[in-house]
file query.txt (compact mmCIF, C-alpha atoms)
# COMPACT_ATOMS: atom_id res chain seq x y z
CA MET A 1259 2.11 -15.50 11.65
CA SER A 1260 3.10 -18.90 12.96
CA GLU A 1261 2.05 -18.07 16.53
CA THR A 1262 -1.41 -16.85 15.66
CA THR A 1263 -2.06 -18.47 12.29
CA PRO A 1264 -0.94 -22.02 11.61
CA LEU A 1265 0.24 -22.17 8.00
CA LYS A 1266 -2.04 -25.07 7.18
CA VAL A 1267 -5.04 -22.86 7.99
CA VAL A 1268 -4.25 -20.59 5.07
CA ALA A 1269 -2.61 -23.17 2.77
CA GLU A 1270 -3.67 -22.68 -0.84
CA THR A 1271 -5.60 -25.65 -2.19
CA LYS A 1272 -6.86 -24.52 -5.62
CA LEU A 1273 -4.56 -24.79 -8.66
CA TRP A 1274 -4.50 -22.41 -11.61
CA GLU A 1275 -2.78 -22.74 -14.98
CA VAL A 1276 -1.00 -19.62 -16.21
CA PHE A 1277 -0.88 -18.72 -19.91
CA ALA A 1278 0.97 -15.81 -21.49
CA ARG A 1279 2.42 -14.46 -24.72
CA ARG A 1280 5.25 -12.05 -25.46
CA LYS A 1281 4.05 -10.79 -28.86
CA TYR A 1282 0.60 -10.13 -30.27
CA GLU A 1283 1.28 -12.47 -33.20
CA GLU A 1284 2.10 -15.37 -30.84
CA PRO A 1285 -0.56 -17.65 -29.36
CA LEU A 1286 -0.97 -17.88 -25.61
CA HIS A 1287 1.06 -20.75 -24.19
CA GLN A 1288 1.24 -22.31 -20.79
CA VAL A 1289 4.03 -20.84 -18.65
CA GLY A 1290 3.31 -22.50 -15.31
CA THR A 1291 1.00 -23.28 -12.43
CA ILE A 1292 0.20 -21.48 -9.21
CA ALA A 1293 -1.84 -22.28 -6.11
CA ALA A 1294 -4.36 -19.73 -4.80
CA ASP A 1295 -7.79 -20.00 -3.23
CA ASP A 1296 -8.80 -16.46 -4.22
CA PRO A 1297 -9.16 -15.54 -7.93
CA GLU A 1298 -7.69 -12.08 -7.37
CA LEU A 1299 -4.72 -13.54 -5.50
CA ALA A 1300 -4.26 -16.02 -8.38
CA LYS A 1301 -3.76 -13.04 -10.69
CA VAL A 1302 -1.31 -11.37 -8.27
CA TYR A 1303 0.73 -14.56 -7.84
CA ALA A 1304 0.83 -15.33 -11.57
CA ARG A 1305 2.09 -11.84 -12.25
CA SER A 1306 4.78 -11.83 -9.56
CA ILE A 1307 6.04 -15.39 -10.12
CA TYR A 1308 6.08 -15.50 -13.93
CA ASP A 1309 7.64 -12.07 -14.47
CA GLU A 1310 10.61 -13.25 -16.56
CA PHE A 1311 9.37 -11.44 -19.68
CA SER A 1312 7.43 -8.31 -20.54
CA TRP A 1313 4.29 -10.19 -21.53
CA VAL A 1314 1.66 -8.49 -23.70
CA GLU A 1315 -1.02 -10.77 -22.26
CA MET A 1316 -1.36 -13.16 -19.33
CA VAL A 1317 -4.40 -15.14 -18.18
CA VAL A 1318 -5.08 -17.70 -15.47
CA ALA A 1319 -7.62 -20.50 -15.55
CA PRO A 1320 -8.64 -22.87 -12.75
CA ARG A 1321 -7.15 -26.31 -13.38
CA ASP A 1322 -10.46 -27.99 -12.54
CA ALA A 1323 -12.07 -26.16 -15.48
CA PHE A 1324 -10.01 -28.25 -17.91
CA LEU A 1325 -11.67 -31.31 -19.43
CA SER A 1326 -9.46 -34.25 -20.21
CA VAL A 1327 -9.65 -35.34 -23.88
CA ILE A 1328 -6.72 -37.76 -24.04
CA LYS A 1329 -5.54 -38.98 -20.68
CA PRO A 1330 -1.82 -39.60 -20.09
CA MET B 919 2.30 27.99 13.85
CA GLY B 920 -0.16 27.11 11.10
CA ASN B 921 0.17 30.54 9.51
CA GLU B 922 3.91 30.14 9.13
CA ILE B 923 3.67 27.09 6.86
CA THR B 924 4.41 27.78 3.22
CA GLU B 925 3.30 25.73 0.23
CA GLN B 926 6.92 24.83 -0.34
CA GLN B 927 7.24 23.48 3.21
CA ALA B 928 3.95 21.58 2.87
CA LEU B 929 5.15 19.99 -0.38
CA PHE B 930 8.51 19.14 1.17
CA ASP B 931 6.79 17.48 4.15
CA LEU B 932 4.47 15.52 1.85
CA LEU B 933 7.35 14.19 -0.28
CA ALA B 934 9.35 13.26 2.83
CA ALA B 935 6.37 11.39 4.28
CA LEU B 936 5.73 9.56 1.00
CA ALA B 937 9.38 8.56 0.63
CA ASP B 938 9.85 7.45 4.23
CA ASN B 939 6.61 5.49 4.42
CA LYS B 940 7.40 3.70 1.16
CA TYR B 941 10.96 3.05 2.37
CA PHE B 942 9.82 1.41 5.60
CA LEU B 943 6.90 -0.36 3.93
CA GLY B 944 9.41 -1.83 1.46
CA ARG B 945 11.70 -2.91 4.29
CA ARG B 946 8.86 -4.49 6.24
CA TYR B 947 7.57 -6.30 3.12
CA ALA B 948 11.10 -7.55 2.45
CA GLU B 949 11.29 -9.09 5.93
CA TRP B 950 8.50 -11.49 4.82
CA CYS B 951 10.12 -12.60 1.54
CA ASN B 952 10.83 -15.98 3.08
CA GLY B 953 8.27 -16.02 5.86
CA ALA B 954 4.88 -15.56 4.23
CA PRO B 955 2.30 -18.35 4.70
CA THR B 956 2.73 -19.72 1.17
CA LEU B 957 5.48 -19.76 -1.45
CA GLU B 958 3.30 -17.68 -3.76
CA SER B 959 2.75 -14.95 -1.17
CA SER B 960 6.48 -14.90 -0.33
CA VAL B 961 7.24 -14.16 -3.98
CA ALA B 962 4.49 -11.52 -4.04
CA ALA B 963 5.99 -9.96 -0.86
CA ALA B 964 9.39 -9.79 -2.56
CA ALA B 965 7.89 -8.21 -5.69
CA MET B 966 5.97 -5.63 -3.64
CA ALA B 967 9.09 -4.82 -1.59
CA GLN B 968 10.97 -4.18 -4.84
CA ASP B 969 8.16 -1.92 -6.05
CA GLU B 970 8.10 0.12 -2.83
CA LEU B 971 11.87 0.56 -2.73
CA GLY B 972 11.76 1.54 -6.40
CA HIS B 973 9.17 4.22 -5.63
CA THR B 974 11.39 5.37 -2.77
CA ARG B 975 14.33 5.80 -5.13
CA ALA B 976 12.16 7.95 -7.37
CA ILE B 977 11.01 10.26 -4.55
CA TYR B 978 14.03 10.83 -2.26
CA PRO B 979 16.02 12.70 -4.95
CA LEU B 980 13.20 15.26 -5.19
CA LEU B 981 13.97 16.39 -1.62
CA GLN B 982 17.43 17.55 -2.66
CA ASP B 983 16.01 20.39 -4.75
CA PHE B 984 14.52 22.07 -1.67
CA PRO B 985 16.38 24.68 0.44
CA GLN B 986 15.89 22.46 3.51
CA ALA B 987 18.26 19.92 1.96
CA LYS B 988 21.03 22.48 1.62
CA GLU B 989 20.78 23.31 5.34
CA GLN B 990 21.09 19.68 6.43
CA PRO B 991 22.35 17.63 3.48
CA ALA B 992 22.82 14.45 5.51
CA GLU B 993 19.10 14.40 6.31
CA TYR B 994 18.08 14.15 2.68
CA GLU B 995 20.26 11.27 1.59
CA PRO B 996 18.31 8.06 2.38
CA GLU B 997 21.45 6.33 3.67
CA THR B 998 22.27 9.03 6.25
CA ARG B 999 18.79 10.26 7.06
CA THR B 1000 17.65 10.13 10.70
CA ARG B 1001 14.59 12.43 10.75
CA PHE B 1002 12.14 9.92 9.34
CA CYS B 1003 8.49 10.77 8.68
CA ASN B 1004 6.92 7.32 8.60
CA VAL B 1005 3.84 6.24 10.54
CA ALA B 1006 4.65 4.89 13.99
CA PHE B 1007 3.39 1.37 13.27
CA LEU B 1008 6.19 0.90 10.72
CA ASP B 1009 8.90 1.66 13.31
CA HIS B 1010 9.00 -2.00 14.28
CA PRO B 1011 8.86 -5.25 12.28
CA PHE B 1012 5.43 -6.78 11.73
CA THR B 1013 4.49 -9.18 14.51
CA GLY B 1014 2.79 -11.54 12.07
CA TRP B 1015 1.32 -11.94 8.60
CA PRO B 1016 -1.90 -10.11 9.60
CA ASP B 1017 0.23 -6.99 10.33
CA PHE B 1018 1.67 -7.30 6.80
CA ILE B 1019 -1.82 -7.46 5.34
CA ALA B 1020 -3.10 -4.56 7.50
CA ALA B 1021 -0.24 -2.29 6.35
CA ASN B 1022 -0.65 -3.51 2.76
CA PHE B 1023 -4.39 -2.86 2.87
CA LEU B 1024 -4.59 0.37 4.87
CA LEU B 1025 -1.32 2.30 4.51
CA ASP B 1026 -0.25 1.20 1.02
CA THR B 1027 -3.71 2.25 -0.21
CA ALA B 1028 -3.44 5.60 1.62
CA LEU B 1029 -0.12 6.34 -0.11
CA SER B 1030 -1.70 5.46 -3.47
CA VAL B 1031 -4.52 7.93 -2.81
CA ILE B 1032 -1.91 10.73 -2.78
CA PHE B 1033 -0.67 9.61 -6.21
CA GLU B 1034 -4.24 9.38 -7.50
CA PHE B 1035 -4.79 13.00 -6.46
CA ALA B 1036 -1.44 13.98 -8.02
CA GLN B 1037 -2.16 12.73 -11.55
CA GLU B 1038 -2.87 16.30 -12.70
CA SER B 1039 -0.52 17.95 -10.20
CA ARG B 1040 1.09 21.27 -10.97
CA PHE B 1041 4.25 19.82 -9.39
CA GLU B 1042 5.49 17.94 -12.46
CA PRO B 1043 7.94 15.54 -10.72
CA LEU B 1044 5.08 14.10 -8.65
CA ARG B 1045 2.67 14.04 -11.61
CA GLY B 1046 5.30 12.32 -13.73
CA ARG B 1047 5.79 9.54 -11.20
CA ALA B 1048 2.12 9.00 -10.39
CA ARG B 1049 1.20 6.87 -13.42
CA LYS B 1050 3.90 4.20 -12.97
CA VAL B 1051 3.41 4.07 -9.19
CA LEU B 1052 -0.35 3.61 -9.57
CA GLN B 1053 0.12 0.93 -12.25
CA GLU B 1054 2.27 -1.13 -9.87
CA GLU B 1055 0.06 -0.40 -6.88
CA GLN B 1056 -2.96 -2.01 -8.58
CA VAL B 1057 -1.35 -5.38 -7.87
CA HIS B 1058 -0.65 -4.44 -4.24
CA ALA B 1059 -4.33 -3.55 -3.81
CA LEU B 1060 -5.48 -6.87 -5.28
CA HIS B 1061 -3.07 -8.68 -2.96
CA SER B 1062 -4.24 -6.90 0.18
CA GLU B 1063 -7.96 -7.19 -0.59
CA GLY B 1064 -7.57 -10.87 -1.46
CA TRP B 1065 -5.80 -11.57 1.82
CA VAL B 1066 -8.27 -9.53 3.90
CA ARG B 1067 -11.07 -11.67 2.44
CA ARG B 1068 -9.12 -14.91 2.99
CA LEU B 1069 -8.11 -14.24 6.60
CA ALA B 1070 -11.57 -12.93 7.48
CA ARG B 1071 -13.24 -15.95 5.88
CA THR B 1072 -10.95 -18.38 7.72
CA GLY B 1073 -12.58 -17.32 10.99
CA GLY B 1074 -11.52 -18.14 14.55
CA SER B 1075 -8.15 -16.89 15.78
CA VAL B 1076 -7.02 -16.05 12.23
CA ARG B 1077 -9.90 -13.63 11.77
CA GLY B 1078 -9.26 -12.25 15.26
CA ALA B 1079 -5.58 -11.67 14.47
CA LEU B 1080 -6.54 -9.81 11.28
CA ALA B 1081 -9.03 -7.62 13.15
CA ALA B 1082 -6.40 -6.80 15.80
CA ALA B 1083 -3.81 -5.95 13.14
CA LEU B 1084 -6.26 -3.68 11.30
CA GLU B 1085 -7.11 -1.98 14.58
CA ARG B 1086 -3.41 -1.28 15.30
CA ALA B 1087 -3.02 0.53 11.96
CA TRP B 1088 -6.50 2.06 11.62
CA LEU B 1089 -6.42 5.33 13.58
CA GLU B 1090 -2.98 6.43 12.44
CA THR B 1091 -3.83 5.79 8.79
CA LEU B 1092 -7.17 7.58 9.23
CA CYS B 1093 -5.22 10.55 10.64
CA TRP B 1094 -2.55 10.34 7.92
CA PHE B 1095 -4.31 12.73 5.53
CA GLY B 1096 -4.29 15.42 8.26
CA PRO B 1097 -7.00 17.28 10.20
CA ILE B 1098 -9.86 18.74 8.18
CA ASP B 1099 -8.44 22.27 8.69
CA ASP B 1100 -4.79 21.27 8.19
CA PRO B 1101 -2.99 24.31 6.68
CA ARG B 1102 -0.55 22.01 4.86
CA GLY B 1103 -3.31 20.13 3.14
CA GLU B 1104 -5.11 23.33 2.19
CA LEU B 1105 -1.92 24.85 0.74
CA LEU B 1106 -1.33 21.74 -1.36
CA ARG B 1107 -4.90 21.87 -2.66
CA GLN B 1108 -4.85 25.60 -3.37
CA GLY B 1109 -1.47 25.33 -5.09
CA GLY B 1110 -2.70 22.56 -7.36
CA VAL B 1111 -0.21 20.01 -5.99
CA LEU B 1112 -3.06 17.68 -5.01
CA ALA B 1113 -6.59 17.69 -6.43
CA GLY B 1114 -8.22 17.72 -3.00
CA GLY B 1115 -7.84 18.68 0.64
CA PRO B 1116 -7.40 16.36 3.65
CA GLU B 1117 -11.06 15.42 3.99
CA GLU B 1118 -11.47 14.62 0.27
CA LEU B 1119 -8.35 12.44 0.38
CA ARG B 1120 -9.60 10.65 3.50
CA GLN B 1121 -13.05 10.12 1.96
CA HIS B 1122 -11.48 8.66 -1.18
CA TRP B 1123 -9.38 6.31 0.97
CA LEU B 1124 -12.49 5.20 2.88
CA GLN B 1125 -14.18 4.48 -0.46
CA ARG B 1126 -11.21 2.28 -1.38
CA VAL B 1127 -10.97 0.28 1.86
CA GLY B 1128 -14.58 0.43 3.01
CA PRO B 1129 -16.17 -2.14 0.67
CA ALA B 1130 -13.77 -4.99 1.58
CA LEU B 1131 -14.17 -4.25 5.31
CA LEU B 1132 -17.94 -4.19 4.97
CA GLU B 1133 -18.01 -7.37 2.89
CA SER B 1134 -15.83 -9.14 5.47
CA GLU B 1135 -17.98 -7.79 8.34
CA LEU B 1136 -14.95 -6.06 9.83
CA ALA B 1137 -16.27 -2.51 9.39
CA GLN B 1138 -18.28 -2.45 12.63
CA ALA B 1139 -15.11 -2.46 14.76
CA PHE B 1140 -14.18 0.90 13.24
CA LEU B 1141 -17.75 2.31 13.34
CA LEU B 1142 -17.35 2.52 9.57
CA GLN B 1143 -20.62 2.96 7.70
CA GLN B 1144 -21.74 3.95 4.25
CA GLU B 1145 -24.47 6.59 4.18
CA ALA B 1146 -27.32 6.51 1.69
CA ALA B 1147 -25.57 9.06 -0.55
CA GLY B 1148 -22.56 6.74 -0.83
CA ARG B 1149 -20.37 8.74 1.50
CA TRP B 1150 -18.37 6.74 4.06
CA VAL B 1151 -18.28 7.82 7.68
CA ALA B 1152 -15.85 6.63 10.35
CA PRO B 1153 -16.82 8.69 13.39
CA SER B 1154 -13.91 7.57 15.57
CA ALA B 1155 -12.44 10.15 17.96
CA LEU B 1156 -9.11 10.84 16.30
CA PRO B 1157 -6.12 11.43 18.60
CA TRP B 1158 -5.05 14.76 17.09
CA GLU B 1159 -3.42 15.75 20.39
CA LYS B 1160 -0.69 13.21 19.60
CA TRP B 1161 -0.46 14.12 15.91
CA ASP B 1162 2.83 15.44 14.55
CA ALA B 1163 1.52 17.29 11.47
CA GLY B 1164 4.94 17.88 9.89
CA ARG B 1165 5.91 14.23 10.07
CA ARG B 1166 2.42 12.75 9.70
CA ARG B 1167 2.80 10.37 12.61
CA LEU B 1168 1.20 9.69 15.99
CA GLN B 1169 4.34 9.51 18.11
CA GLN B 1170 6.96 12.16 18.53
CA GLU B 1171 10.20 10.28 18.08
CA PRO B 1172 10.75 7.32 15.75
CA ALA B 1173 12.51 4.32 17.27
CA HIS B 1174 13.26 2.10 14.30
CA VAL B 1175 14.16 -1.54 14.72

call {"tool": "encode", "arguments": {"input": "query.txt", "output": "structure tokens"}}
result
Amino acid sequence: MSETTPLKVVAETKLWEVFARRKYEEPLHQVGTIAADDPELAKVYARSIYDEFSWVEMVVAPRDAFLSVIKP
Amino acid sequence: MGNEITEQQALFDLLAALADNKYFLGRRYAEWCNGAPTLESSVAAAAMAQDELGHTRAIYPLLQDFPQAKEQPAEYEPETRTRFCNVAFLDHPFTGWPDFIAANFLLDTALSVIFEFAQESRFEPLRGRARKVLQEEQVHALHSEGWVRRLARTGGSVRGALAAALERAWLETLCWFGPIDDPRGELLRQGGVLAGGPEELRQHWLQRVGPALLESELAQAFLLQQEAAGRWVAPSALPWEKWDAGRRRLQQEPAHV
């Protein structure tokens, strides 16, 4: 890849927050963040990176969709 | 020679080709666990390699129940096997990330088409494995389609490298389902092992890969078009004179690296 495709050309620039839950009675909670410019790839990456449990549900949301209510 | 093929031989050849292609696909994916363009795609490559090698471990043992395995037992243990039936473009490591994506997009999808057509198979061991394989392969398909779109959209030399990689894998994968009058394919269909013959399998595969190629304006290179009735046509001259039907590959002797 490096000879034909400089890594910076395909560097991921968009961030996604990953939420999941292990049981139906639990709320979704944030488990991490991933970088992906393609929504479908965001789902693939979330699934392969945060595979430590057998989740019953996992969702991703673009970080820039979040509105700040109380700033740090 | 075609008349001598039995359904049992056709099934044996199919299982061997599935196992060997998944074995080498898994190995080639694994070679990119720490070399993919991003950390996320490296982890995805590792996960997909694990999936493929897992599928391999579920298929190789099926070969041992065939009489062929009793004649040459060493050939049907994955560790001692030398008569591999993988496509020729998996004989060597990928030359770059576009080769990874081309194999992920074209071949991995072709292997999944077999499992899709085996979901109601009369051969229970294949039917029993189809559901889990297809569940895991959904993620592989999302990965490959996402990367085809990304590399195509990037343009320039990146897009050119993707087009070249797809071209290297295209004809052999198009051939992989066999000639339209392939006796093996017909025996598998008639025997209820697969729910379609070679041309139906190939058409289903074209329906799976066609839309992303068309959307990315890469379809023209393969003369791939969708007719008004929804049927896909890829009128390339296929090199059947080089086709090894038993091993489903375009070159006679594998030379693995």

call {"tool": "atom_distance", "arguments": {"input": "query.txt", "atom1": "CA of Lys940 (chain B)", "atom2": "CA of Phe1007 (chain B)"}}
result
13.0 Å

call {"tool": "atom_distance", "arguments": {"input": "query.txt", "atom1": "CA of Gln926 (chain B)", "atom2": "CA of Gly1109 (chain B)"}}
result
9.7 Å

call {"tool": "closest_residue", "arguments": {"input": "query.txt", "among": "B:Gln1053, B:Gln1138, B:Gln927, B:Gln1108", "to": "Phe984 (chain B)", "atoms": "all atoms listed in the file"}}
result
B:Gln927

call {"tool": "closest_atom_pairs", "arguments": {"input": "query.txt", "of": "chain B", "to": "chain A", "cutoff": "10 Å", "atoms": "all atoms listed in the file", "output": "Markdown table"}}
result
| residue | atom | partner | partner_atom | distance |
| --- | --- | --- | --- | --- |
| B:Gly953 | CA | A:Met1259 | CA | 8.5 |
| B:Ala954 | CA | A:Met1259 | CA | 7.9 |
| B:Pro955 | CA | A:Leu1265 | CA | 5.5 |
| B:Thr956 | CA | A:Ala1269 | CA | 6.6 |
| B:Leu957 | CA | A:Ala1293 | CA | 9.0 |
| B:Glu958 | CA | A:Tyr1303 | CA | 5.7 |
| B:Ser959 | CA | A:Tyr1303 | CA | 7.0 |
| B:Ser960 | CA | A:Tyr1303 | CA | 9.5 |
| B:Val961 | CA | A:Ile1307 | CA | 6.4 |
| B:Ala962 | CA | A:Ser1306 | CA | 5.5 |
| B:Ala963 | CA | A:Ser1306 | CA | 9.0 |
| B:Ala964 | CA | A:Ser1306 | CA | 8.6 |
| B:Ala965 | CA | A:Ser1306 | CA | 6.1 |
| B:Met966 | CA | A:Ser1306 | CA | 8.7 |
| B:Phe1012 | CA | A:Met1259 | CA | 9.3 |
| B:Thr1013 | CA | A:Met1259 | CA | 7.3 |
| B:Gly1014 | CA | A:Met1259 | CA | 4.0 |
| B:Trp1015 | CA | A:Met1259 | CA | 4.8 |
| B:Pro1016 | CA | A:Met1259 | CA | 7.0 |
| B:Asp1017 | CA | A:Met1259 | CA | 8.8 |
| B:Phe1018 | CA | A:Met1259 | CA | 9.5 |
| B:Gln1056 | CA | A:Val1302 | CA | 9.5 |
| B:Val1057 | CA | A:Val1302 | CA | 6.0 |
| B:His1058 | CA | A:Val1302 | CA | 8.0 |
| B:Ala1059 | CA | A:Val1302 | CA | 9.5 |
| B:Leu1060 | CA | A:Glu1298 | CA | 6.0 |
| B:His1061 | CA | A:Leu1299 | CA | 5.7 |
| B:Ser1062 | CA | A:Leu1299 | CA | 8.8 |
| B:Glu1063 | CA | A:Glu1298 | CA | 8.4 |
| B:Gly1064 | CA | A:Leu1299 | CA | 5.6 |
| B:Trp1065 | CA | A:Leu1299 | CA | 7.7 |
| B:Arg1067 | CA | A:Asp1296 | CA | 8.5 |
| B:Arg1068 | CA | A:Asp1296 | CA | 7.4 |
| B:Leu1069 | CA | A:Val1268 | CA | 7.6 |
| B:Thr1072 | CA | A:Val1267 | CA | 7.4 |
| B:Gly1073 | CA | A:Val1267 | CA | 9.8 |
| B:Gly1074 | CA | A:Thr1263 | CA | 9.7 |
| B:Ser1075 | CA | A:Thr1262 | CA | 6.7 |
| B:Val1076 | CA | A:Thr1263 | CA | 5.5 |
| B:Arg1077 | CA | A:Thr1263 | CA | 9.2 |
| B:Gly1078 | CA | A:Thr1262 | CA | 9.1 |
| B:Ala1079 | CA | A:Thr1262 | CA | 6.8 |
| B:Leu1080 | CA | A:Thr1262 | CA | 9.8 |

call {"tool": "closest_residue", "arguments": {"input": "query.txt", "among": "B:Leu936, B:Cys1003, B:Ala948, B:Leu971", "to": "Arg1166 (chain B)", "atoms": "all atoms listed in the file"}}
result
B:Cys1003

call {"tool": "atom_distance", "arguments": {"input": "query.txt", "atom1": "CA of Arg1165 (chain B)", "atom2": "CA of Pro1116 (chain B)"}}
result
14.9 Å

call {"tool": "build_atoms", "arguments": {"input": "query.txt", "residues": "region 1316-1324 of chain A", "atoms": "all heavy atoms", "output": "compact mmCIF listing (two decimals), keeping the file's coordinate frame"}}
result
# COMPACT_ATOMS: atom_id res chain seq x y z
N MET A 1316 -1.47 -12.02 -20.25
CA MET A 1316 -1.36 -13.16 -19.33
C MET A 1316 -2.76 -13.47 -18.81
O MET A 1316 -3.51 -12.55 -18.47
CB MET A 1316 -0.43 -12.84 -18.16
CG MET A 1316 -0.35 -13.95 -17.13
SD MET A 1316 0.72 -13.52 -15.73
CE MET A 1316 2.34 -13.88 -16.40
N VAL A 1317 -3.11 -14.74 -18.75
CA VAL A 1317 -4.40 -15.14 -18.18
C VAL A 1317 -4.18 -16.33 -17.24
O VAL A 1317 -3.18 -17.05 -17.36
CB VAL A 1317 -5.44 -15.55 -19.28
CG1 VAL A 1317 -5.70 -14.41 -20.23
CG2 VAL A 1317 -4.99 -16.79 -20.04
N VAL A 1318 -5.10 -16.50 -16.31
CA VAL A 1318 -5.08 -17.70 -15.47
C VAL A 1318 -6.42 -18.41 -15.61
O VAL A 1318 -7.44 -17.76 -15.84
CB VAL A 1318 -4.80 -17.38 -13.98
CG1 VAL A 1318 -3.41 -16.84 -13.77
CG2 VAL A 1318 -5.84 -16.43 -13.42
N ALA A 1319 -6.39 -19.72 -15.47
CA ALA A 1319 -7.62 -20.50 -15.55
C ALA A 1319 -7.55 -21.59 -14.48
O ALA A 1319 -6.50 -22.20 -14.27
CB ALA A 1319 -7.77 -21.14 -16.93
N PRO A 1320 -8.67 -21.81 -13.77
CA PRO A 1320 -8.64 -22.87 -12.75
C PRO A 1320 -8.39 -24.24 -13.39
O PRO A 1320 -8.98 -24.56 -14.42
CB PRO A 1320 -10.04 -22.80 -12.12
CG PRO A 1320 -10.87 -22.02 -13.07
CD PRO A 1320 -9.97 -21.16 -13.87
N ARG A 1321 -7.50 -25.00 -12.80
CA ARG A 1321 -7.15 -26.31 -13.38
C ARG A 1321 -8.38 -27.21 -13.48
O ARG A 1321 -8.54 -27.96 -14.43
CB ARG A 1321 -6.06 -26.99 -12.55
CG ARG A 1321 -5.70 -28.36 -13.10
CD ARG A 1321 -4.60 -29.01 -12.31
NE ARG A 1321 -3.29 -28.49 -12.71
CZ ARG A 1321 -2.15 -28.92 -12.19
NH1 ARG A 1321 -2.15 -29.84 -11.25
NH2 ARG A 1321 -1.00 -28.42 -12.60
N ASP A 1322 -9.30 -27.10 -12.52
CA ASP A 1322 -10.46 -27.99 -12.54
C ASP A 1322 -11.48 -27.61 -13.62
O ASP A 1322 -12.50 -28.29 -13.78
CB ASP A 1322 -11.12 -28.12 -11.16
CG ASP A 1322 -11.60 -26.77 -10.61
OD1 ASP A 1322 -11.68 -25.80 -11.41
OD2 ASP A 1322 -11.87 -26.69 -9.41
N ALA A 1323 -11.20 -26.51 -14.36
CA ALA A 1323 -12.07 -26.16 -15.48
C ALA A 1323 -11.66 -26.91 -16.75
O ALA A 1323 -12.39 -26.91 -17.74
CB ALA A 1323 -12.02 -24.65 -15.74
N PHE A 1324 -10.50 -27.54 -16.72
CA PHE A 1324 -10.01 -28.25 -17.91
C PHE A 1324 -10.66 -29.63 -18.00
O PHE A 1324 -10.77 -30.34 -16.99
CB PHE A 1324 -8.48 -28.41 -17.84
CG PHE A 1324 -7.75 -27.13 -18.17
CD1 PHE A 1324 -7.71 -26.09 -17.25
CD2 PHE A 1324 -7.14 -26.95 -19.39
CE1 PHE A 1324 -7.06 -24.90 -17.53
CE2 PHE A 1324 -6.49 -25.77 -19.68
CZ PHE A 1324 -6.45 -24.74 -18.76
